[in-house]
Amino acid sequence: MALARVQKSLAIVVGLFVLYTAATGPFEGLIQRALFLALVTCLGFALYPLGAGRSWRPVGMVIDLALCAVSVTACSYIVVNYDTIMTTLPWATTLDMALTAGLVLAVLELGRRTVGLIFPVLVLIGLGYALFGSYLPGPLRHRGFDTAFVTETIFLGDLGIWGMLTGVAATVIAAFVLFGALLLHTGGGQAFMDLAMRLGGRQPGGAAKIATIASGLFGMISGSAVANVATTGNFTIPMMIRLGYPRPFAAAVEAVASTGGQIAPPIMGAAAFVMAEILGVPYWTIIVAAILPALLFYMSVFMTVHFVALRRDLAIVPEDEMPAWATILAPRRIAPILAALGGLGIGIWLGRSIATSAFYGIVGLLIAFVATEAGRLSLRQMAGKLIDGLEDAGKGLVIIGVLLAGAQVLVSMINLTGIGVSLSSLIVSLAGDSVVLVAMIVGAVCLIMGMGLPTTAAYVLVAAVLAPAMTAVGVDPLAAHLFVFYFATISVITPPVCVAVFVGAGIAKTNWLPAAGEAVRLGAVTYIVPFLLLLYPGMLLGGGPLDILEAVAAGLALVLAVPALLSGARLFGYRSIDITIYAAVIALAIYPQPVTPFLALGLLAGAHVLGRQQRRALA
């Protein structure tokens with residue numbers, strides 16, 4: 001009970017800190033980041049205690065308190081010495097080295113407890129390479145850096161652990177996580193679920209389409225595909241199983257739909273904000289560029305579910321389980337969502353920062369929530385929902401803050417040693433000047449490097465190491481970063497380390513391997529769409545109207561033909577003929593000539609009409 005109270009109190013403090021800095025503006029750069037990291041590490045050690053439930057928990061408690069104390073001391077040192085650090089570029093002392101080691105150890109230990117060993121091991125490899133890479137043979141060798149220089153890079157400046165990634169986590173991402181948490185706790189979560197049921201429930205494969213819509217809506221404001229599966233999957237997966245859907249299919253639908261939410265605006269698993277900072281472009285440039293690929297992803301999942309439902313005769317959701325439209329559109333359900341989006345839009349229209357705009361959205365949300373619930377809920381009940389939102393936001397920021405701080409350490413070591421440039425040069429030398437070959441190599445490496453990592457951490461890693469290889473052969477930087485981001489994201493549904501599928505299979509109580517096979521089929525278009533970013537400039541909604549039309553036509557042809565091919569959808573009833581037509585449509589869609597996307601759509605439409613006429617004649 002005492003630990004639970006500590007967890008709740010610290011989480012609320014983190015939420016209030018985010019709310020305050022979003023409202024009044026952040027503190028000076030390093031001060032904001034140090035305060036944020038101190039709060040989330042303390043909360044992290046409370047939420048993920050070492051040796052919980054074990055006989056050696058007292059030893060674990062001592063370790064937790066020691067790591068917590070070191071973290072707070074190191075962060076306080078930065079706050080107190082901020083002016084000195086920023087104006088004199090101090091040399092590292094023994095104390096600096098000790099504080100750096102303790103803080104990095106605390107961050108990596110929290111990373112291990114929250115997401116497993118893969119991430120901290122990668123950071124340790126980066127640190128080891130910086131310290132000992134001078135002893136390596138060949139092109140991987142660098143000039144060497146001593147412990148003092150590495151300490152100065154990591155701790156005594158804004159390039160290491162206090163760098164851009166930690167800054168984005170402590171401001172923009174934190175504000176949007178709070179925005180999303182409060183939105184869900186003031187009725188938005190139930191509104192999303194009811195809307196998904198109403199839109200998808202009465203169609204073929206209704207329960208799977210509910211999962212697709214609900215997971216997409218939740219995923220748009222969630223920072224983790226795995227957390228999204230655990231949240232919405234506990235409702236949608238049992239519903240699908242109850243209606244007779246195969247367990248592996250139910251797990252796969254939820255895993256893929258939740259993953260799709262990570263590539264969908266406005267948050268994109270928090271990577272949108274990081275990408276904007278790395279590229280130095282406005283946040284809205286990223287959002288606009290991501291719209292069409294996200295729409296194509298969900299259309300492909302919908303079509304695959306539809307074709308599978310028709311072939312397997314999957315049940316629809318009974319009418320008596322469907323919420324009424326009057327309930328969905330009731331003011332107390334929809335007003336907080338509209339007010340939140342309205343406040344966000346007003347902040348952007350007034351030219352405020354993204355974090356401040358999120359605060360405006362929170363203000364609109366709170367006003368609408370109080371206005372619509374007054375008289376129905378007591379003041380205590382309303383305050384309880386808001387406190388729950390603050391608590392959930394604080395807890396959600398632990399993983400984001402810890403992972404981005406650790407990722408910033410890794411990125412600083414990559415930049416310090418130049419290993420990113422070396423690997424990019426190696427990839428280009430292997431593939432020559434072929435953009436497609438470079439993209440295939442980079443995509444495969446992204447899938448491997450992203451396995452087991454949350455969306456944002458996976459993106460940061462591949463962006464630092466692999467995106468330069470694509471820009472080196474002439475790919476637009478925005479297209480290159482979205483390319484590596486998509487492949488790093490879908491690693492969570494790609495065997496063998498498909499963590500979103502693992503969670504979904506656990507809820508469905510089935511073997512993960514067949515579920516992974518279903519997930520790859522459901523998300524097949526996602527492995528192709530990144531290449532369309534390179535083939536069709538209009539896929540980013542850039543260029544002229546004709547460029548955009550070509551991209552839309554190519555995307556539509558793919559999201560219809562690929563699911564139909566993989567689901568065994570019939571055109572003429574002769575499998576070999578059907579496969580040939582689908583393959584021809586796909587080939588035309590990915591052959592970037594002005595007329596080929598439209599030919600692909602025409603071929604598919606013509607085959608569909610002729611096939612339907614043939615079936616009617618036979619009937």
# chains A, B, ... in the order shown; residues from 1 in each chain; ligands from 1
>>> residues_around(residues="A:Leu156", least_positions_apart="5", cutoff="9 Å", atoms="only C-alpha atoms", output="short mmCIF file (atom, residue, chain, number, x, y, z; two decimals) with N, CA, C and O atoms, in the first residue's frame")
data_model
loop_
_atom_site.label_atom_id
_atom_site.label_comp_id
_atom_site.auth_asym_id
_atom_site.auth_seq_id
_atom_site.Cartn_x
_atom_site.Cartn_y
_atom_site.Cartn_z
N ILE A 78 23.40 19.43 -12.51
CA ILE A 78 23.23 20.15 -13.77
C ILE A 78 22.44 21.44 -13.55
O ILE A 78 22.78 22.50 -14.09
N ILE A 85 28.20 25.42 -16.98
CA ILE A 85 28.28 24.43 -18.06
C ILE A 85 28.08 25.08 -19.42
O ILE A 85 28.80 24.77 -20.38
N MET A 86 27.13 26.00 -19.51
CA MET A 86 26.80 26.58 -20.81
C MET A 86 27.73 27.70 -21.24
O MET A 86 27.77 28.05 -22.42
N LEU A 89 32.25 25.65 -20.76
CA LEU A 89 32.63 24.32 -21.28
C LEU A 89 33.64 23.65 -20.35
O LEU A 89 34.82 23.45 -20.70
N PRO A 90 33.25 23.28 -19.15
CA PRO A 90 34.19 22.80 -18.14
C PRO A 90 34.82 21.46 -18.49
O PRO A 90 34.25 20.66 -19.22
N TRP A 91 36.03 21.26 -17.95
CA TRP A 91 36.69 19.96 -18.06
C TRP A 91 36.05 18.99 -17.06
O TRP A 91 35.63 19.37 -15.99
N ALA A 92 36.01 17.72 -17.44
CA ALA A 92 35.41 16.71 -16.57
C ALA A 92 36.31 16.42 -15.38
O ALA A 92 37.52 16.20 -15.52
N ASP A 96 32.43 14.50 -11.84
CA ASP A 96 31.62 14.48 -13.07
C ASP A 96 31.56 13.07 -13.65
O ASP A 96 30.50 12.60 -14.08
N THR A 151 32.80 11.74 -20.98
CA THR A 151 32.00 12.33 -19.91
C THR A 151 31.54 13.74 -20.29
O THR A 151 30.38 14.11 -20.09
N TRP A 162 21.63 15.25 -22.26
CA TRP A 162 20.74 16.43 -22.19
C TRP A 162 20.45 16.97 -23.58
O TRP A 162 20.06 18.12 -23.72
#
>>> select_by_dssp(residues="stretch 105-155 of chain A", states="alpha helix (DSSP H)", output="ChimeraX atom specification")
/A:105-115,118-132,147-154
>>> closest_atom_pairs(of="stretch 414-508 of chain A", to="stretch 271-293 of chain A", cutoff="10 Å", atoms="only C-alpha atoms", output="Markdown table")
| residue | atom | partner | partner_atom | distance |
| --- | --- | --- | --- | --- |
| A:Thr455 | CA | A:Ala271 | CA | 7.1 |
| A:Thr456 | CA | A:Ala271 | CA | 5.0 |
| A:Ala457 | CA | A:Ala271 | CA | 8.5 |
| A:Ala458 | CA | A:Ala271 | CA | 9.4 |
| A:Tyr459 | CA | A:Ala271 | CA | 7.0 |
| A:Val460 | CA | A:Val274 | CA | 7.9 |
| A:Ala463 | CA | A:Met275 | CA | 8.7 |
| A:Ala464 | CA | A:Ile278 | CA | 9.4 |
| A:Pro477 | CA | A:Leu279 | CA | 7.5 |
| A:Leu478 | CA | A:Leu279 | CA | 7.4 |
| A:Ala479 | CA | A:Ala289 | CA | 8.6 |
| A:His481 | CA | A:Met275 | CA | 7.5 |
| A:Leu482 | CA | A:Ala290 | CA | 7.9 |
| A:Phe485 | CA | A:Ala271 | CA | 8.2 |
| A:Tyr486 | CA | A:Pro293 | CA | 9.6 |
>>> residues_around(residues="stretch 386-395 of chain A", least_positions_apart="4", cutoff="7 Å", atoms="only C-alpha atoms", output="PyMOL selection string")
chain A and resi 8+11-12+14-15+177-178+181-182+185+382
>>> residues_around(residues="A:Pro336", least_positions_apart="6", cutoff="6 Å", atoms="only C-alpha atoms", output="VMD selection string")
chain A and resid 365 368 to 369
>>> residues_around(residues="stretch 426-434 of chain A", least_positions_apart="4", cutoff="8 Å", atoms="only C-alpha atoms", output="list of chain:residue names")
A:Ser422, A:Val438, A:Ile441, A:Val442, A:Ala469, A:Ala472, A:Val473
>>> residues_around(residues="stretch 309-321 of chain A", least_positions_apart="3", cutoff="8 Å", atoms="only C-alpha atoms", output="PyMOL selection string")
chain A and resi 201-207+243-245+305-306+569
